[in-house]
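S.K.: Handing over start_36.cif, mmCIF, C-alpha atoms.
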```cif
data_final
loop_
_atom_site.group_PDB
_atom_site.id
_atom_site.type_symbol
_atom_site.label_atom_id
_atom_site.label_comp_id
_atom_site.auth_asym_id
_atom_site.auth_seq_id
_atom_site.Cartn_x
_atom_site.Cartn_y
_atom_site.Cartn_z
ATOM 1 C CA MET Y 236 -134.934 38.548 51.307
ATOM 2 C CA GLY Y 237 -134.701 35.171 52.968
ATOM 3 C CA ASP Y 238 -134.309 31.633 51.685
ATOM 4 C CA HIS Y 239 -137.453 30.280 50.032
ATOM 5 C CA TYR Y 240 -138.523 26.904 51.393
ATOM 6 C CA ILE Y 241 -141.079 26.741 48.575
ATOM 7 C CA PRO Y 242 -139.466 27.702 45.239
ATOM 8 C CA GLN Y 243 -140.755 30.945 43.740
ATOM 9 C CA GLN Y 244 -141.232 29.256 40.366
ATOM 10 C CA TYR Y 245 -143.679 26.827 41.982
ATOM 11 C CA LEU Y 246 -145.526 29.664 43.724
ATOM 12 C CA ARG Y 247 -145.934 31.492 40.402
ATOM 13 C CA GLY Y 248 -148.296 28.722 39.303
ATOM 14 C CA PHE Y 249 -150.777 29.965 41.895
ATOM 15 C CA LEU Y 250 -150.685 33.676 41.022
ATOM 16 C CA SER Y 251 -153.985 35.305 40.147
ATOM 17 C CA SER Y 252 -154.205 36.198 36.472
ATOM 18 C CA LYS Y 253 -155.607 39.635 37.309
ATOM 19 C CA ASP Y 254 -152.948 41.178 39.555
ATOM 20 C CA LYS Y 255 -150.159 38.561 39.652
ATOM 21 C CA ARG Y 256 -150.403 37.997 43.396
ATOM 22 C CA ILE Y 257 -151.058 34.891 45.480
ATOM 23 C CA TRP Y 258 -153.563 34.393 48.268
ATOM 24 C CA VAL Y 259 -151.903 33.590 51.591
ATOM 25 C CA PHE Y 260 -153.783 31.698 54.300
ATOM 26 C CA GLU Y 261 -151.922 31.493 57.594
ATOM 27 C CA LYS Y 262 -152.849 29.347 60.567
ATOM 28 C CA GLY Y 263 -154.601 31.114 63.375
ATOM 29 C CA PRO Y 264 -157.019 34.001 63.504
ATOM 30 C CA SER Y 265 -155.361 36.158 60.831
ATOM 31 C CA LYS Y 266 -157.332 36.923 57.676
ATOM 32 C CA PRO Y 267 -156.247 35.782 54.197
ATOM 33 C CA PHE Y 268 -154.265 38.352 52.225
ATOM 34 C CA LEU Y 269 -152.704 38.844 48.800
ATOM 35 C CA SER Y 270 -148.929 38.961 48.393
ATOM 36 C CA LYS Y 271 -146.181 38.777 45.780
ATOM 37 C CA GLU Y 272 -144.550 35.339 45.512
ATOM 38 C CA ARG Y 273 -141.130 36.727 46.432
ATOM 39 C CA LYS Y 274 -142.404 37.872 49.845
ATOM 40 C CA ILE Y 275 -143.870 34.593 51.117
ATOM 41 C CA ALA Y 276 -142.641 31.106 52.020
ATOM 42 C CA ASN Y 277 -139.190 32.300 53.030
ATOM 43 C CA GLU Y 278 -137.137 32.776 56.170
ATOM 44 C CA ASN Y 279 -133.795 34.387 56.840
ATOM 45 C CA ASN Y 280 -130.945 31.883 57.221
ATOM 46 C CA TYR Y 281 -133.229 28.913 56.605
ATOM 47 C CA TYR Y 282 -130.436 27.148 54.684
ATOM 48 C CA SER Y 283 -126.674 27.540 54.879
ATOM 49 C CA PRO Y 284 -125.215 29.440 51.882
ATOM 50 C CA GLU Y 285 -123.755 26.208 50.512
ATOM 51 C CA ILE Y 286 -127.080 24.367 50.668
ATOM 52 C CA GLU Y 287 -128.910 27.324 49.107
ATOM 53 C CA VAL Y 288 -126.500 27.343 46.135
ATOM 54 C CA TYR Y 289 -126.832 23.571 45.724
ATOM 55 C CA LEU Y 290 -130.643 23.663 45.823
ATOM 56 C CA ALA Y 291 -130.795 26.561 43.372
ATOM 57 C CA ASN Y 292 -128.393 25.008 40.864
ATOM 58 C CA ALA Y 293 -129.035 21.265 41.153
ATOM 59 C CA ILE Y 294 -132.755 21.141 41.869
ATOM 60 C CA GLU Y 295 -134.729 24.349 41.372
ATOM 61 C CA THR Y 296 -133.222 25.596 38.115
ATOM 62 C CA PRO Y 297 -133.551 22.237 36.294
ATOM 63 C CA ALA Y 298 -137.132 21.901 37.584
ATOM 64 C CA ASN Y 299 -138.241 25.353 36.366
ATOM 65 C CA ALA Y 300 -139.104 24.020 32.927
ATOM 66 C CA VAL Y 301 -141.546 21.560 34.441
#
```
Go through the file and emit its structure as structure tokens.

M.R.:
Amino acid sequence: MGDHYIPQQYLRGFLSSKDKRIWVFEKGPSKPFLSKERKIANENNYYSPEIEVYLANAIETPANAV
């Protein structure tokens, strides 16, 4: 799994109550589709390992309560 450029906790706020998936709308001619939050908004090696640890510990984890 890659580095999420949108935190998974934030994405969870958009999950459907029925099946716990999120609608994904990509640019271009592709059709909308449902996906799990852990499979979207991420790319491999988006951040360096040091930056990923910093973001997870200093920003994302404290913001989860919000």

S.K.: Name every residue that the PyMOL selection byres ((chain Y and resi 287-297) around 12) selects in this structure, writing the answer as a list in words with chains first and numbers rising.

M.R.: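 Selected by the PyMOL selection byres ((chain Y and resi 287-297) around 12) in this file: Gly237, Asp238, His239, Tyr240, Ile241, Pro242, Gln243, Gln244, Tyr245, Asn279, Asn280, Tyr281, Tyr282, Ser283, Pro284, Glu285, Ile286, Ala298, Asn299, Ala300 and Val301 of chain Y.
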
S.K.: If the PyMOL selection byres ((chain Y and resi 271) around 9) were run on this exact file, what residues would it hold? Put them as a ChimeraX atom specification.

M.R.: /Y:250,255-258,269-270,272-275

S.K.: Mind giving me the axis-aligned box for range 278-289 of chain Y with 4 Å on every side, centre plus edges in Å to one decimal, as JSON?

M.R.:
```
{"center_x": -130.4, "center_y": 29.0, "center_z": 51.5, "size_x": 21.4, "size_y": 18.8, "size_z": 19.5}
```

S.K.: To one decimal place, how far is CA of Ala276 in chain Y from CA of Leu246 in chain Y in Å?

M.R.: 8.9 Å
